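Source file entry-v9.txt; content: compact mmCIF, C-alpha atoms and all ligand atoms.
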# COMPACT_ATOMS: atom_id res chain seq x y z
CA MET A 641 -46.52 44.62 -8.27
CA ALA A 642 -46.48 41.01 -9.20
CA LYS A 643 -46.99 37.43 -8.34
CA VAL A 644 -43.89 35.27 -7.76
CA LEU A 645 -43.88 31.64 -8.78
CA LEU A 646 -41.33 29.03 -7.74
CA GLU A 647 -41.62 25.76 -9.62
CA ASN A 648 -39.56 22.70 -8.68
CA ILE A 649 -36.71 24.84 -7.42
CA GLU A 650 -33.48 23.01 -6.67
CA LYS A 651 -30.14 24.15 -5.38
CA SER A 652 -26.99 22.12 -4.92
CA TYR A 653 -23.50 23.20 -4.00
CA ALA A 654 -21.26 20.46 -5.33
CA GLU A 655 -22.25 17.50 -3.13
CA THR A 656 -24.71 19.28 -0.87
CA HIS A 657 -28.35 19.50 -1.88
CA VAL A 658 -29.67 22.52 0.03
CA VAL A 659 -33.01 23.32 -1.63
CA LYS A 660 -35.18 20.40 -2.67
CA ASP A 661 -38.05 20.69 -5.13
CA VAL A 662 -39.63 23.82 -3.68
CA ASN A 663 -42.99 24.82 -5.18
CA LEU A 664 -44.54 28.04 -4.01
CA GLU A 665 -46.87 30.66 -5.42
CA ILE A 666 -46.72 34.08 -3.80
CA GLN A 667 -49.74 36.18 -4.70
CA ASP A 668 -49.62 39.73 -5.94
CA LYS A 669 -49.49 42.11 -2.91
CA GLU A 670 -49.06 39.21 -0.51
CA PHE A 671 -46.71 39.32 2.51
CA LEU A 672 -45.23 35.85 2.61
CA VAL A 673 -42.89 34.83 5.41
CA LEU A 674 -40.35 32.10 4.79
CA VAL A 675 -39.43 30.57 8.14
CA GLY A 676 -37.38 27.63 9.36
CA PRO A 677 -34.36 26.72 11.48
CA SER A 678 -30.86 27.93 10.73
CA GLY A 679 -29.36 26.33 7.63
CA CYS A 680 -32.66 25.09 6.16
CA GLY A 681 -32.22 27.04 2.92
CA LYS A 682 -34.28 30.22 3.42
CA SER A 683 -31.62 32.71 2.36
CA THR A 684 -30.65 30.50 -0.54
CA CYS A 685 -34.26 30.57 -1.79
CA LEU A 686 -34.44 34.34 -1.43
CA ARG A 687 -31.10 34.85 -3.14
CA MET A 688 -32.21 32.65 -6.02
CA ILE A 689 -35.34 34.79 -6.46
CA ALA A 690 -33.13 37.89 -6.36
CA GLY A 691 -30.76 36.44 -8.92
CA LEU A 692 -27.78 36.59 -6.55
CA GLU A 693 -27.53 32.82 -6.67
CA GLU A 694 -27.99 30.56 -9.69
CA ILE A 695 -30.68 27.90 -9.50
CA SER A 696 -29.71 24.29 -10.11
CA GLY A 697 -33.16 23.38 -11.40
CA GLY A 698 -36.72 24.63 -11.81
CA THR A 699 -38.33 27.88 -12.89
CA ILE A 700 -38.74 31.24 -11.18
CA LYS A 701 -41.34 33.65 -12.49
CA ILE A 702 -41.87 37.24 -11.40
CA GLY A 703 -45.10 38.55 -12.88
CA ASP A 704 -45.36 36.93 -16.29
CA ARG A 705 -41.63 36.71 -16.89
CA VAL A 706 -39.40 33.72 -16.35
CA VAL A 707 -36.39 35.33 -14.66
CA ASN A 708 -34.10 32.27 -14.42
CA HIS A 709 -31.40 33.92 -16.47
CA LEU A 710 -32.03 37.60 -15.75
CA SER A 711 -29.45 39.51 -13.74
CA PRO A 712 -30.60 40.93 -10.38
CA LYS A 713 -30.93 44.48 -11.74
CA ASP A 714 -33.34 43.32 -14.44
CA ARG A 715 -35.66 41.44 -12.09
CA ASP A 716 -37.38 44.52 -10.67
CA ILE A 717 -36.82 43.49 -7.07
CA ALA A 718 -35.34 45.28 -4.07
CA MET A 719 -33.62 43.40 -1.30
CA VAL A 720 -33.14 44.31 2.36
CA PHE A 721 -30.48 42.40 4.30
CA GLN A 722 -29.82 41.79 7.97
CA SER A 723 -26.51 43.64 7.66
CA TYR A 724 -28.11 46.85 6.23
CA ALA A 725 -25.34 46.99 3.59
CA LEU A 726 -25.25 50.79 3.53
CA TYR A 727 -22.39 52.70 1.94
CA PRO A 728 -20.48 54.06 4.95
CA HIS A 729 -18.99 57.07 3.15
CA MET A 730 -22.34 58.30 1.82
CA THR A 731 -25.01 60.29 3.63
CA VAL A 732 -28.41 58.77 4.33
CA TYR A 733 -29.78 60.78 1.41
CA ASP A 734 -27.15 59.50 -1.00
CA ASN A 735 -27.57 55.95 0.22
CA MET A 736 -31.28 56.16 -0.51
CA ALA A 737 -30.92 57.99 -3.82
CA PHE A 738 -28.03 55.91 -5.13
CA GLY A 739 -30.10 53.18 -6.78
CA LEU A 740 -32.37 55.69 -8.49
CA LYS A 741 -29.47 57.73 -9.81
CA LEU A 742 -27.85 54.60 -11.15
CA LYS A 743 -31.08 53.55 -12.83
CA ASN A 744 -31.42 56.98 -14.44
CA ARG A 745 -27.88 56.88 -15.63
CA ARG A 746 -28.45 53.49 -17.21
CA HIS A 747 -31.59 54.74 -18.93
CA GLY A 748 -29.80 57.86 -20.08
CA LEU A 749 -26.80 56.00 -21.45
CA GLY A 750 -26.25 56.45 -25.14
CA ARG A 751 -28.23 59.62 -25.40
CA PHE A 752 -27.50 63.16 -24.57
CA LEU A 753 -29.45 64.58 -21.61
CA HIS A 754 -30.21 68.27 -21.44
CA ARG A 755 -29.22 70.01 -18.28
CA ALA A 756 -32.85 70.88 -17.70
CA GLU A 757 -33.85 67.26 -18.03
CA MET A 758 -31.12 66.21 -15.60
CA ARG A 759 -32.25 68.84 -13.13
CA GLN A 760 -35.81 67.64 -13.50
CA ARG A 761 -34.75 64.08 -12.73
CA ASP A 762 -32.75 65.16 -9.69
CA THR A 763 -35.82 66.97 -8.37
CA GLU A 764 -37.91 63.84 -8.83
CA ILE A 765 -35.37 61.73 -6.99
CA ARG A 766 -35.23 64.25 -4.16
CA ALA A 767 -39.02 64.14 -3.83
CA GLN A 768 -39.07 60.33 -3.85
CA VAL A 769 -36.36 60.06 -1.20
CA GLN A 770 -38.08 62.72 0.92
CA ARG A 771 -41.39 60.88 0.75
CA ALA A 772 -39.87 57.54 1.72
CA ALA A 773 -37.84 59.15 4.51
CA GLU A 774 -40.94 60.74 5.97
CA MET A 775 -42.82 57.47 5.80
CA LEU A 776 -40.04 55.89 7.85
CA ASP A 777 -39.53 58.82 10.18
CA ILE A 778 -35.93 59.43 9.13
CA GLY A 779 -36.53 62.70 7.27
CA HIS A 780 -34.40 64.55 9.83
CA LEU A 781 -31.43 62.22 9.33
CA LEU A 782 -30.81 62.64 5.61
CA ASP A 783 -27.49 64.47 6.04
CA ARG A 784 -25.98 61.98 8.47
CA LYS A 785 -23.59 59.16 7.69
CA PRO A 786 -24.60 55.58 8.65
CA LYS A 787 -22.14 55.45 11.55
CA GLN A 788 -24.02 58.35 13.16
CA LEU A 789 -27.22 56.29 13.31
CA SER A 790 -28.63 53.66 15.68
CA GLY A 791 -29.18 50.12 14.42
CA GLY A 792 -32.91 50.71 14.06
CA GLN A 793 -32.33 53.92 12.10
CA ARG A 794 -29.85 52.19 9.80
CA GLN A 795 -32.32 49.44 9.09
CA ARG A 796 -34.94 52.05 8.24
CA VAL A 797 -32.51 53.65 5.79
CA ALA A 798 -32.03 50.24 4.19
CA LEU A 799 -35.81 49.88 3.96
CA GLY A 800 -36.08 53.39 2.52
CA ARG A 801 -33.52 52.60 -0.13
CA ALA A 802 -35.63 49.62 -1.16
CA ILE A 803 -38.88 51.59 -1.14
CA VAL A 804 -37.70 54.43 -3.38
CA ARG A 805 -36.96 51.98 -6.13
CA GLN A 806 -40.66 51.04 -6.29
CA PRO A 807 -39.87 47.46 -7.22
CA GLN A 808 -42.41 44.79 -8.10
CA VAL A 809 -41.19 42.63 -5.23
CA PHE A 810 -39.46 43.23 -1.89
CA LEU A 811 -37.13 40.51 -0.66
CA MET A 812 -36.14 40.82 2.99
CA ASP A 813 -33.64 38.55 4.71
CA GLU A 814 -33.88 38.76 8.51
CA PRO A 815 -33.93 42.57 8.39
CA LEU A 816 -34.68 42.90 12.10
CA SER A 817 -32.30 40.45 13.69
CA ASN A 818 -29.64 43.04 14.52
CA LEU A 819 -32.12 45.11 16.53
CA ASP A 820 -32.87 44.82 20.23
CA ALA A 821 -36.13 43.16 21.25
CA LYS A 822 -38.16 46.35 21.65
CA MET A 823 -36.91 47.88 18.44
CA ARG A 824 -37.65 44.66 16.64
CA VAL A 825 -41.29 44.67 17.68
CA GLN A 826 -41.63 48.33 16.72
CA THR A 827 -39.94 47.97 13.31
CA ARG A 828 -41.96 44.82 12.66
CA ALA A 829 -45.14 46.88 12.97
CA GLU A 830 -43.67 49.56 10.73
CA ILE A 831 -42.88 47.08 7.99
CA ILE A 832 -46.45 45.76 8.13
CA LYS A 833 -47.90 49.27 7.93
CA LEU A 834 -45.60 50.05 5.05
CA HIS A 835 -46.69 46.92 3.27
CA ARG A 836 -50.34 47.84 3.66
CA ARG A 837 -49.66 51.27 2.30
CA LEU A 838 -47.51 50.26 -0.66
CA GLY A 839 -49.10 46.89 -1.43
CA ILE A 840 -45.85 45.49 -2.82
CA THR A 841 -45.47 41.72 -2.91
CA THR A 842 -43.03 40.87 -0.14
CA ILE A 843 -41.07 37.74 0.72
CA TYR A 844 -39.67 37.99 4.21
CA VAL A 845 -37.18 35.51 5.65
CA THR A 846 -36.84 34.89 9.37
CA HIS A 847 -35.99 32.03 11.69
CA ASP A 848 -38.21 33.54 14.39
CA GLN A 849 -41.62 31.90 14.45
CA VAL A 850 -43.15 34.77 16.46
CA GLU A 851 -42.10 37.20 13.74
CA ALA A 852 -43.54 34.85 11.14
CA MET A 853 -46.85 34.48 12.98
CA THR A 854 -47.30 38.20 13.52
CA MET A 855 -46.25 39.41 10.08
CA GLY A 856 -47.23 36.91 7.41
CA ASP A 857 -50.44 36.78 5.39
CA ARG A 858 -49.14 33.29 4.83
CA ILE A 859 -46.14 31.46 6.21
CA ALA A 860 -44.02 28.95 4.33
CA VAL A 861 -42.25 26.62 6.77
CA MET A 862 -39.01 25.03 5.55
CA ASN A 863 -36.85 22.35 7.04
CA ASP A 864 -33.75 20.78 5.59
CA GLY A 865 -34.31 22.31 2.14
CA ILE A 866 -37.88 21.04 1.92
CA LEU A 867 -41.00 23.18 2.03
CA GLN A 868 -43.08 21.59 4.79
CA GLN A 869 -46.30 23.59 4.67
CA CYS A 870 -47.51 26.96 3.47
CA ASP A 871 -50.65 28.40 5.01
CA THR A 872 -52.10 31.24 7.09
CA PRO A 873 -50.67 31.63 10.60
CA LEU A 874 -53.79 30.24 12.27
CA ASN A 875 -54.10 27.27 9.94
CA LEU A 876 -50.48 26.38 10.63
CA TYR A 877 -51.09 26.67 14.35
CA HIS A 878 -54.30 24.68 14.42
CA HIS A 879 -53.68 22.23 11.57
CA PRO A 880 -49.97 21.52 11.30
CA LYS A 881 -49.40 19.03 8.52
CA ASN A 882 -46.60 17.21 10.25
CA ARG A 883 -44.64 16.89 13.43
CA PHE A 884 -42.00 19.38 12.37
CA VAL A 885 -44.46 22.22 11.70
CA ALA A 886 -46.31 21.37 14.93
CA GLY A 887 -43.14 21.70 16.97
CA PHE A 888 -41.87 24.77 15.17
CA ILE A 889 -44.96 26.99 15.26
CA GLY A 890 -46.25 28.12 18.66
CA SER A 891 -44.59 29.40 21.79
CA PRO A 892 -43.68 27.70 24.07
CA GLY A 893 -43.29 24.82 21.63
CA MET A 894 -45.77 21.98 21.45
CA ASN A 895 -45.14 19.01 23.76
CA LEU A 896 -44.54 15.90 21.68
CA LEU A 897 -44.70 12.44 23.21
CA ASP A 898 -44.53 9.01 21.62
CA MET A 899 -47.44 7.06 23.09
CA ARG A 900 -48.79 3.58 22.49
CA VAL A 901 -52.38 3.14 21.34
CA ILE A 902 -54.21 0.51 23.39
CA LYS A 903 -57.76 -0.75 23.44
CA SER A 904 -59.59 -1.40 26.68
CA ASP A 905 -63.33 -1.68 27.35
CA ASN A 906 -63.96 -0.88 23.71
CA LYS A 907 -62.25 2.46 24.06
CA LEU A 908 -58.88 3.62 22.84
CA PHE A 909 -56.23 4.96 25.18
CA LEU A 910 -52.80 6.48 24.73
CA GLU A 911 -50.19 5.16 27.09
CA LEU A 912 -46.65 6.07 28.01
CA ASP A 913 -45.23 4.66 31.23
CA ASN A 914 -47.48 5.98 33.99
CA LEU A 915 -49.24 8.43 31.76
CA GLN A 916 -52.54 7.21 30.41
CA LEU A 917 -54.90 9.38 28.37
CA GLN A 918 -58.17 8.59 26.72
CA ALA A 919 -57.99 9.08 22.95
CA PRO A 920 -60.15 12.04 21.94
CA ALA A 921 -63.61 11.11 20.69
CA ARG A 922 -62.97 12.55 17.24
CA SER A 923 -59.85 10.41 16.82
CA GLN A 924 -61.20 7.03 17.94
CA LYS A 925 -61.79 5.94 14.35
CA VAL A 926 -58.54 7.15 12.76
CA LEU A 927 -56.57 5.48 15.53
CA LEU A 928 -58.02 2.00 14.97
CA PRO A 929 -55.21 0.93 12.59
CA TYR A 930 -52.68 2.05 15.20
CA ILE A 931 -53.79 -0.23 18.04
CA GLY A 932 -50.65 -1.73 19.57
CA LYS A 933 -48.47 0.81 17.78
CA THR A 934 -46.89 4.07 18.75
CA VAL A 935 -48.13 7.48 17.60
CA ALA A 936 -46.72 10.92 18.34
CA ILE A 937 -49.03 13.03 20.47
CA GLY A 938 -48.80 16.82 20.30
CA ILE A 939 -50.14 18.84 23.22
CA ARG A 940 -49.89 22.62 23.16
CA PRO A 941 -48.76 24.09 26.50
CA GLN A 942 -51.92 26.22 26.40
CA ASP A 943 -54.07 23.07 26.38
CA ILE A 944 -52.77 21.85 29.75
CA TYR A 945 -54.63 23.26 32.77
CA ASP A 946 -54.07 23.32 36.49
CA SER A 947 -56.95 21.18 37.81
CA ALA A 948 -57.59 23.83 40.47
CA TYR A 949 -58.51 26.42 37.82
CA LEU A 950 -60.34 24.63 35.05
CA PRO A 951 -62.37 26.55 32.47
CA ALA A 952 -66.13 25.91 32.66
CA THR A 953 -65.98 23.76 29.53
CA LEU A 954 -63.46 21.29 30.91
CA GLN A 955 -63.92 18.63 33.60
CA ALA A 956 -61.26 16.46 35.11
CA THR A 957 -61.74 12.76 34.32
CA PRO A 958 -59.32 9.86 34.82
CA GLY A 959 -58.70 9.91 31.05
CA ASN A 960 -57.48 13.51 30.84
CA THR A 961 -55.69 13.99 34.15
CA PHE A 962 -52.08 13.44 35.14
CA HIS A 963 -49.75 14.34 37.98
CA ALA A 964 -46.42 16.05 37.52
CA ARG A 965 -43.72 17.76 39.51
CA CYS A 966 -43.30 21.42 38.69
CA GLU A 967 -39.55 22.03 38.51
CA VAL A 968 -39.44 25.59 37.23
CA THR A 969 -42.03 28.34 37.01
CA GLU A 970 -41.72 31.29 34.63
CA GLN A 971 -44.10 34.12 35.30
CA MET A 972 -44.58 35.99 32.05
CA GLY A 973 -47.29 38.31 33.30
CA ASP A 974 -50.02 37.29 30.88
CA ALA A 975 -49.30 33.58 31.43
CA THR A 976 -47.25 31.35 33.68
CA HIS A 977 -45.10 28.66 32.12
CA LEU A 978 -44.66 25.51 34.15
CA PHE A 979 -41.77 23.16 33.38
CA LEU A 980 -43.14 19.83 34.47
CA GLN A 981 -41.70 16.40 35.01
CA ALA A 982 -44.18 13.54 34.70
CA GLY A 983 -42.19 10.40 35.45
CA ASP A 984 -39.36 10.44 32.91
CA HIS A 985 -41.09 12.90 30.63
CA ALA A 986 -40.71 16.66 30.52
CA LEU A 987 -43.70 18.80 29.60
CA VAL A 988 -44.41 22.51 29.47
CA ALA A 989 -47.76 24.03 30.41
CA ALA A 990 -48.89 27.62 29.95
CA VAL A 991 -51.43 28.38 32.67
CA THR A 992 -52.90 31.49 34.27
CA GLU A 993 -51.03 33.45 36.90
CA LYS A 994 -53.33 32.03 39.59
CA THR A 995 -51.15 28.90 39.56
CA ALA A 996 -48.06 29.68 41.61
CA PRO A 997 -46.51 26.38 42.69
CA LYS A 998 -43.63 26.06 45.12
CA PRO A 999 -40.42 24.57 43.68
CA ASN A 1000 -40.91 20.85 43.02
CA GLU A 1001 -44.55 20.93 44.09
CA ASP A 1002 -46.75 18.14 42.74
CA LEU A 1003 -49.59 19.36 40.58
CA LYS A 1004 -52.69 17.73 39.18
CA LEU A 1005 -53.09 18.75 35.56
CA VAL A 1006 -55.81 18.34 32.99
CA ILE A 1007 -55.41 18.14 29.22
CA ALA A 1008 -58.03 19.49 26.80
CA LEU A 1009 -58.04 16.21 24.90
CA GLU A 1010 -60.12 17.39 21.97
CA ARG A 1011 -57.32 19.78 21.07
CA ILE A 1012 -54.43 17.36 20.97
CA HIS A 1013 -52.65 16.56 17.69
CA LEU A 1014 -51.73 13.11 16.45
CA PHE A 1015 -48.88 12.21 14.11
CA ASP A 1016 -47.81 8.98 12.49
CA ALA A 1017 -44.64 7.90 14.27
CA GLU A 1018 -42.91 6.83 11.05
CA SER A 1019 -43.97 9.36 8.43
CA SER A 1020 -44.44 12.22 10.97
CA GLU A 1021 -47.54 13.27 9.01
CA SER A 1022 -50.66 14.39 10.82
CA ILE A 1023 -53.20 11.61 11.40
N1 LIG B 1 -21.74 28.79 -1.03
C1 LIG B 1 -22.12 27.70 -0.37
N2 LIG B 1 -21.46 26.52 -0.52
C2 LIG B 1 -21.84 25.40 0.14
N3 LIG B 1 -22.88 25.35 0.98
C3 LIG B 1 -23.59 26.47 1.17
C4 LIG B 1 -23.25 27.71 0.52
N4 LIG B 1 -24.13 28.65 0.91
C5 LIG B 1 -24.98 28.04 1.77
N5 LIG B 1 -24.65 26.74 1.93
C6 LIG B 1 -25.35 25.75 2.77
O1 LIG B 1 -26.69 25.72 2.38
C7 LIG B 1 -27.55 25.53 3.49
C8 LIG B 1 -28.63 26.58 3.48
O2 LIG B 1 -28.06 27.84 3.75
P1 LIG B 1 -28.94 29.15 3.93
O3 LIG B 1 -28.02 30.30 4.06
O4 LIG B 1 -29.95 29.21 2.82
O5 LIG B 1 -29.67 28.85 5.29
P2 LIG B 1 -30.72 29.76 6.10
O6 LIG B 1 -31.98 28.96 6.19
O7 LIG B 1 -30.80 31.10 5.52
O8 LIG B 1 -30.05 29.79 7.56
P3 LIG B 1 -29.89 31.01 8.62
O9 LIG B 1 -31.19 31.08 9.38
O10 LIG B 1 -28.79 30.53 9.49
O11 LIG B 1 -29.59 32.25 7.85
C9 LIG B 1 -26.65 25.55 4.73
O12 LIG B 1 -26.47 24.25 5.16
C10 LIG B 1 -25.37 26.16 4.22
O13 LIG B 1 -24.28 25.64 4.92
MG MG B 2 -30.19 32.99 6.18
Structure translated into structure tokens:
Amino acid sequence: MAKVLLENIEKSYAETHVVKDVNLEIQDKEFLVLVGPSGCGKSTCLRMIAGLEEISGGTIKIGDRVVNHLSPKDRDIAMVFQSYALYPHMTVYDNMAFGLKLKNRRHGLGRFLHRAEMRQRDTEIRAQVQRAAEMLDIGHLLDRKPKQLSGGQRQRVALGRAIVRQPQVFLMDEPLSNLDAKMRVQTRAEIIKLHRRLGITTIYVTHDQVEAMTMGDRIAVMNDGILQQCDTPLNLYHHPKNRFVAGFIGSPGMNLLDMRVIKSDNKLFLELDNLQLQAPARSQKVLLPYIGKTVAIGIRPQDIYDSAYLPATLQATPGNTFHARCEVTEQMGDATHLFLQAGDHALVAAVTEKTAPKPNEDLKLVIALERIHLFDAESSESI
């Protein structure tokens, strides 16, 4: 078990700069999720930690060792890929035992092993594979070949193969994305349980923010090769550092509108066409330098309410109310998503199932203003 440290990590392929000055410290035993849109450099980061890809700059440490120039087999890591990467001609048992046998052979090279010693080692490997297989509920499949398994079972074999090696660090690259939705949720929970049990530092790559939110002790959000923010799921949700993180974390995504800050009657308002909102009390001061300018306003769908069903803590006022046409309604069971059109602007609200508008019905909606987010229009940083 070990801490992983990335210092000023860079990666370029000829002209293209794909990872830009990434600094990240992953604690011993931590489950860190690396998340971001397709092509942002997640797999490249993971492959550089694994040693499958050379770094163009910076330092990678695993435990106390700088591993920049160590080959993958000497880094004491185990990697799980989206594609399982099982040997098709080998049984599940042999797939899981293969790495251990290879390791033993390497250790044994150059010296003569007694038959008894070899038998002893085989017995140990068998016990290790058996234990991992039971943990993953694939003990009954050890004699099968990969093609005789379902996708979920194959992925568990790939996980098992990583576990038996007892590495210092697990590196997982979208291991669940080939599974169907239900299997994904189930295997997600299994990986978390496994992590609790084994306590092995894990770096887990996904582009799915729900997976990131549900699995990570901390989440590192990347975009365009740059690490945007690394924090706990709730801190990312409640205190996104910039517009990108705000829009990426949360489902449905945050509504983002560019609104002008205006002053009237000694109060600040946010204005966009027919939409006028009072600036939240806590933000009156920070918005002073923005009077006459545009700021980006972030409103979570969960912070927009149907005025007919307001929580006790919220009252409709002219400064927090707007009208919109509800074009599409999605009933999710636990919430209802409304796809709204307010003038030229599209918004999404997540309300309770009590709201059941007819197609294109006009609704009166109320925003919990104290919960809105503000971003500088130019730098995109949180205000
Ligand atoms: N061998 C290569 N040569 C040139 N460019 C590459 C190479 N490998 C990756 N890239 C580029 O580097 C960028 C980052 O790729 P990477 O695979 O790390 O993305 P990712 O975040 O894992 O995306 P995804 O979610 O789609 O897996 C992409 O723009 C990709 O096109
Ligand atoms: Mg990838």
Could you check which of A:Tyr844, A:Phe979, A:Phe810, A:Phe738 is closest to ligand MG 2 (chain B), using all atoms listed in the file?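 Of all the options, A:Tyr844 lies closest to ligand MG 2 (chain B).
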Quick one: which chain A residues come within 12 Å of ligand MG 2 (chain B), and what is the nearest atom pair for each with the distance in Å to one decimal, counting all atoms listed in the file, rows ordered by chain and ascending number, as CSV?
residue,atom,partner,partner_atom,distance
A:Leu674,CA,B:MG2,MG,10.3
A:Val675,CA,B:MG2,MG,9.8
A:Gly676,CA,B:MG2,MG,9.5
A:Pro677,CA,B:MG2,MG,9.2
A:Ser678,CA,B:MG2,MG,6.8
A:Gly679,CA,B:MG2,MG,6.9
A:Cys680,CA,B:MG2,MG,8.3
A:Gly681,CA,B:MG2,MG,7.1
A:Lys682,CA,B:MG2,MG,5.7
A:Ser683,CA,B:MG2,MG,4.1
A:Thr684,CA,B:MG2,MG,7.2
A:Cys685,CA,B:MG2,MG,9.3
A:Leu686,CA,B:MG2,MG,8.8
A:Arg687,CA,B:MG2,MG,9.5
A:Phe721,CA,B:MG2,MG,9.6
A:Gln722,CA,B:MG2,MG,9.0
A:Ser723,CA,B:MG2,MG,11.4
A:Met812,CA,B:MG2,MG,10.3
A:Asp813,CA,B:MG2,MG,6.7
A:Glu814,CA,B:MG2,MG,7.2
A:Pro815,CA,B:MG2,MG,10.5
A:Ser817,CA,B:MG2,MG,10.8
A:Tyr844,CA,B:MG2,MG,10.9
A:Val845,CA,B:MG2,MG,7.4
A:Thr846,CA,B:MG2,MG,7.6
A:His847,CA,B:MG2,MG,8.1
A:Asp848,CA,B:MG2,MG,11.5
A:Met862,CA,B:MG2,MG,11.9
Within 12 Å of file point (-36.5, 43.6, 15.5), counting only C-alpha atoms, expressed as a list in words: Gln722, Gly791, Gly792, Gln793, Gln795, Arg796, Glu814, Pro815, Leu816, Ser817, Asn818, Leu819, Asp820, Ala821, Lys822, Met823, Arg824, Val825, Gln826, Thr827, Arg828, Ala829, Glu830, Ile831, Thr846, Asp848, Val850, Glu851 and Met855 of chain A
For a test of reading the model, state the distance in Å between CA of Tyr733 (chain A) and CA of Lys669 (chain A), rounded to one decimal. 27.5 Å
Please list, as a ChimeraX atom specification, the residues that have an atom at most 10 Å away from (-27.2, 47.8, 3.0) in the coordinates of this file, counting all atoms listed in the file. /A:719-728,735-736,786,794-795,797-799,801-802
Atom-to-atom span, CA of Arg1011 (chain A) and CA of Thr957 (chain A), Å: 15.6 Å
Using all atoms listed in the file, which of A:Leu980, A:Ile832, A:Leu896, A:Ile1012 sits nearest Leu917 (chain A)?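 The closest residue to Leu917 (chain A) is A:Ile1012.
Note that the spacing between CA of Met730 (chain A) and CA of Asp762 (chain A) amounts to 17.0 Å.
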Considering all atoms listed in the file, state which residue in the set A:Lys660, A:Pro951, A:Lys994, A:Phe909 is at the smallest distance from Gln868 (chain A).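 Ranked by minimum distance to Gln868 (chain A), first place goes to A:Lys660.
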Counting only C-alpha atoms, closest pick from A:Ile944, A:Leu646, A:Val662, A:Ile1007 relative to Val861 (chain A) is A:Val662
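Distances here use all atoms listed in the file; by that measure, the residue among A:Gly697, A:Gln849, A:Val769, A:Arg761 closest to ligand LIG 1 (chain B) is A:Gln849.
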Could you check which of A:Leu912, A:Tyr949, A:Leu692, A:Phe884 is closest to Ile866 (chain A), using only C-alpha atoms?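 Closest to Ile866 (chain A), using only C-alpha atoms: A:Phe884.
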Quick one: residues within 8 Å of Ala718 (chain A), only C-alpha atoms counted, chain neighbours fewer than 5 positions away excluded, as an MDAnalysis selection string? chainID A and resid 802:803 805 807 809:811
